[in-house]
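Novice: Here it is, the structure, as structure tokens.
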Amino acid sequence: MFRQESHTMTHFTISEPLLLYTLPLEAKEQEKLDAFLLLLEKSGAWKYLNEVRLDSELGRPQINKFRLFSAIVYCFALGKSSLREIEAACYYDLRVVYLIGEDRPSSSTISRFISLLENCITPIFISIVQAIVEEFAISLDTVFLDGSKFEANSNKYKFVWKPTTFHLRLSEKALNLLRLMHLSDDVPKDGIISSKLLTEKLTESQKIDPELIEGGETALNKMRSQLYEYLIKSVEYEEKEAICGPDRNSYYKTDHDATAMCLKEDYYSGLGSQMHAAYNTQIMVCRGIIVFYYLSQDRSDTRTLIPTLEGFKSMYGCYPKRICADAGYGSFANYKYCNTKGIEDFIKYPSWNGERTGRYPAVYEYLEDGTVSCLGGRTGNRVEIPNRHPKTQQSAFYKVENCTNCQFMAYCRRFMKEKEGNQRIFEVMPEYVTLKQGARDRLLRPEGIEMRVNRSCQVEGTFGVLKQNMAYTRFRRRKLAKVRLEFALTCLGLNIRKFLKFKKSGKLPTYWKVPEGLEAETFKKPSAKRIANRLKKRKNLQPNEIAKRGYRRKGMR
């Protein structure tokens with residue numbers, strides 16, 4: 001009844017019946033699916049699938065793992081990432097039936113096969129992306145980076161905070177108890193007392209002479225009982241701290257790898273102030289294609305740039321020449337890293353928007369001659385202050401005098417205890433300020449304007465496709481390794497989705513190009529009068545009113 005299709009493909013082949021389908025697949029859809037299979041064949045992904053061993057169920061014939069992989073990836077491209085959706089597609093979606101052939105895998109078989117991809121999904125992703133890059137001659141010199149938090153598959157309100165403070169208090173109580181028992185000689189006076197040491201002290205307490213303790217045998221037994229309770233609680237705290245690890249402060253009971261984070265859209269209050277179990281996802285996009293993905297447990301994007309670039313280096317053997325990211329990545333460590341690796345960074349810093357609009361201008365500018373120029377135009381020189389040291393070794397003090405008649409004095413001193421004075425001391429980190437001002441100058445150039453516009457189109461648009469078009473807003477699997485596998489398949493599915501679209505049109509999408517003769521952008525000149533009026537209004541607001549202004553309610557502008 002079936003005949004083998006005469007494709008030149010060896011592994012990702014399909015079978016068609018001699019008889020017609022009741023609802024035949026359109027020729028255009030067959031061409032798209034054939035192009036998809038040919039891409040998988042050219043990529044060499046089958047080399048890594050050969051290492052996957054899918055045992056048959058109850059003596060049944062083994063499912064063709066190449067067809068099953070192609071069907072799963074295509075389902076992810078269609079926005080069907082749950083096991084039941086993939087299983088239903090293998091029965092009722094003619095496109096997936098065309099890929100899977102006669103096999104009808106169950107949801108358990110699909111789940112087991114996906115789990116087996118955990119160790120080889122990264123090289124598979126690399127090979128397929130490289131095949132797409134070669135197909136359309138895409139240059140990876142310029143990449144755009146952004147991150148987003150996706151909710152984890154975990155019960156709500158079941159998070160556990162890292163008990164560091166409680167552990168310190170418990171150790172202090174245990175130390176006081178050990179002093180009463182005359183067992184505190186070799187116990188550290190500060191910090192946390194380990195459960196191992198408490199166990200040793202509890203064993204030694206059995207040899208204590210009751211006559212040495214005030215209250216005799218009765219008091220000694222109570223102390224032993226209390227020390228035992230401290231030991232049990234210490235073991236509990238150590239377990240929680242081990243689960244949290246050194247780099248985070250919370251975890252969830254049903255998914256220990258998930259971290260408590262605030263999402264942008266909160267379906268409880270709409271303010272983004274409720275804690276949710278989530279993972280922080282990072283993607284690098286080039287010409288609309290996700291060229292690298294990274295999953296972390298960090299609550300902010302600041303510490304994710306370096307591992308993302310290192311992962312890109314390990315994948316492609318080199319760093320990108322240019323990278324563009326938003327203000328969430330603007331830090332001294334990230335600027336210095338890009339400068340060291342020879343990467344031209346177009347990364348905003350946290351105060352970028354305030355300086356660009358003139359609402360919150362920078363209070364000083366670091367000059368090439370080693371001096372600073374304050375917002376009022378006065379020059380400050382480096383000074384040494386007796387009995388006062390900078391916060392870091394790289395920082396230095398700069399003194400600006402004659403501030404009495406400065407129109408920006410209220411704004412410049414808004415965070416200082418002394419609102420009045422004839423001088424102002426700035427603590428400046430020259431290296432950081434130089435790198436930050438260099439990034440600012442690059443962003444204001446015509447090239448930087450083009451990078452900023454394309455970042456909003458490409459990487460933020462990619463997250464928009466994931467969340468809106470593919471309806472992917474929450475992970476379905478638990479544990480970091482499985483969630484990373486799921487996100488890799490999702491990114492791979494989106495790449496296939498775009499590949500088929502580009503293949504149909506025969507060209508890549510065109511993005512905005514800076515017109516010739518465009519001048520560099522400049523920051524809006526700050527108005528001292530407007531700043532003073534705004535500070536006056538803000539001074540009369542209550543703290544809760546100030547906080548509410550920072551929230552964006554869902555559906556409101």
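In the structure tokens, chains take letters A, B, ... by order of appearance, with residues numbered from 1 within each chain and ligands from 1 in the order shown.
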If you count only C-alpha atoms, which residues fall within 9 Å of region 286-293 of chain A, apart from same-chain ones fewer than 5 positions away, as a tab-separated table (two decimals) with N, CA and C atoms, in the first residue's frame?

Specialist:
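Now in result-v4.tsv:
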chain	number	residue	atom	x	y	z
A	125	PHE	N	20.54	21.82	18.14
A	125	PHE	CA	20.15	23.21	17.92
A	125	PHE	C	21.23	23.95	17.12
A	126	ILE	N	22.50	23.73	17.48
A	126	ILE	CA	23.61	24.39	16.78
A	126	ILE	C	23.63	23.99	15.30
A	129	VAL	N	20.64	25.56	13.36
A	129	VAL	CA	20.80	27.01	13.20
A	129	VAL	C	21.90	27.31	12.19
A	130	GLN	N	23.00	26.58	12.25
A	130	GLN	CA	24.08	26.80	11.28
A	130	GLN	C	23.62	26.49	9.86
A	132	ILE	N	20.55	26.93	8.76
A	132	ILE	CA	19.72	28.08	8.36
A	132	ILE	C	20.61	29.26	8.01
A	133	VAL	N	21.65	29.49	8.81
A	133	VAL	CA	22.57	30.59	8.56
A	133	VAL	C	23.25	30.44	7.20
A	138	ILE	N	23.58	34.35	6.35
A	138	ILE	CA	23.40	35.32	7.43
A	138	ILE	C	24.74	35.53	8.13
A	139	SER	N	25.09	36.77	8.36
A	139	SER	CA	26.30	37.11	9.10
A	139	SER	C	25.96	37.25	10.58
A	140	LEU	N	26.78	36.64	11.43
A	140	LEU	CA	26.56	36.67	12.87
A	140	LEU	C	27.39	37.74	13.56
A	141	ASP	N	27.80	38.76	12.81
A	141	ASP	CA	28.61	39.82	13.40
A	141	ASP	C	27.81	40.69	14.35
A	142	THR	N	26.52	40.89	14.06
A	142	THR	CA	25.67	41.75	14.87
A	142	THR	C	24.55	40.92	15.47
A	143	VAL	N	24.42	40.97	16.78
A	143	VAL	CA	23.37	40.23	17.47
A	143	VAL	C	22.64	41.17	18.42
A	144	PHE	N	21.41	40.79	18.74
A	144	PHE	CA	20.57	41.56	19.65
A	144	PHE	C	20.16	40.65	20.79
A	281	THR	N	14.78	33.75	30.93
A	281	THR	CA	15.21	33.28	29.62
A	281	THR	C	15.92	34.40	28.87
A	308	THR	N	25.93	34.38	28.59
A	308	THR	CA	25.32	34.25	27.27
A	308	THR	C	26.36	34.43	26.16
A	311	GLY	N	28.56	31.39	26.07
A	311	GLY	CA	27.89	30.29	25.39
A	311	GLY	C	27.89	30.47	23.89
A	312	PHE	N	27.71	31.70	23.42
A	312	PHE	CA	27.79	31.99	21.99
A	312	PHE	C	29.18	31.66	21.46
A	315	MET	N	29.67	27.99	21.10
A	315	MET	CA	28.84	27.43	20.04
A	315	MET	C	29.41	27.72	18.65
A	457	CYS	N	12.69	45.75	17.03
A	457	CYS	CA	11.99	44.96	16.01
A	457	CYS	C	12.33	43.48	16.12
A	458	GLN	N	13.61	43.17	16.27
A	458	GLN	CA	14.04	41.79	16.15
A	458	GLN	C	13.85	40.99	17.44
A	459	VAL	N	14.57	41.36	18.50
A	459	VAL	CA	14.56	40.49	19.67
A	459	VAL	C	13.27	40.66	20.47
A	461	GLY	N	10.47	41.64	19.15
A	461	GLY	CA	9.46	41.04	18.29
A	461	GLY	C	9.46	39.52	18.36
A	462	THR	N	10.63	38.94	18.56
A	462	THR	CA	10.71	37.48	18.70
A	462	THR	C	9.99	37.00	19.94
A	487	PHE	N	12.69	24.86	26.45
A	487	PHE	CA	12.92	26.17	25.85
A	487	PHE	C	13.75	26.05	24.57
A	488	ALA	N	14.70	25.11	24.54
A	488	ALA	CA	15.48	24.88	23.32
A	488	ALA	C	14.58	24.42	22.18
A	491	CYS	N	12.56	27.44	20.97
A	491	CYS	CA	13.37	28.32	20.11
A	491	CYS	C	13.62	27.68	18.75
A	492	LEU	N	13.85	26.38	18.76
A	492	LEU	CA	14.07	25.67	17.50
A	492	LEU	C	12.80	25.69	16.65
A	494	LEU	N	10.48	27.99	16.70
A	494	LEU	CA	10.31	29.33	16.15
A	494	LEU	C	11.25	29.57	14.97
A	495	ASN	N	12.47	29.05	15.06
A	495	ASN	CA	13.40	29.19	13.92
A	495	ASN	C	12.88	28.47	12.68
A	498	LYS	N	10.13	30.52	11.11
A	498	LYS	CA	10.63	31.63	10.31
A	498	LYS	C	11.36	31.14	9.06
A	499	PHE	N	12.05	30.01	9.19
A	499	PHE	CA	12.75	29.45	8.03
A	499	PHE	C	11.76	29.15	6.90
A	508	LEU	N	15.25	37.08	3.06
A	508	LEU	CA	15.12	37.45	4.46
A	508	LEU	C	14.34	38.75	4.60
A	509	PRO	N	13.73	38.98	5.75
A	509	PRO	CA	13.02	40.26	5.93
A	509	PRO	C	14.00	41.42	5.98
A	510	THR	N	13.54	42.54	5.54
A	510	THR	CA	14.37	43.75	5.55
A	510	THR	C	14.04	44.56	6.80
A	511	TYR	N	15.08	45.02	7.46
A	511	TYR	CA	14.90	45.83	8.65
A	511	TYR	C	15.33	47.26	8.36

Novice: So how many Å separate CA of Thr109 (chain A) and CA of Leu480 (chain A), to one decimal?

Specialist: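 Atom-to-atom, CA of Thr109 (chain A) to CA of Leu480 (chain A), that is 21.5 Å.
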
Novice: Just the alpha helix (DSSP H) stuff from region 333-460 of chain A, please, per backbone DSSP, written as a VMD selection string.

Specialist: chain A and resid 333 to 340 352 to 357 409 to 412 430 to 444 446 to 460

Novice: Compare A:Arg179, A:Arg452, A:Lys264, A:Lys537 by their minimum atom-to-atom distance to Ala325 (chain A), counting only C-alpha atoms, and give me the closest one.

Specialist: A:Arg452
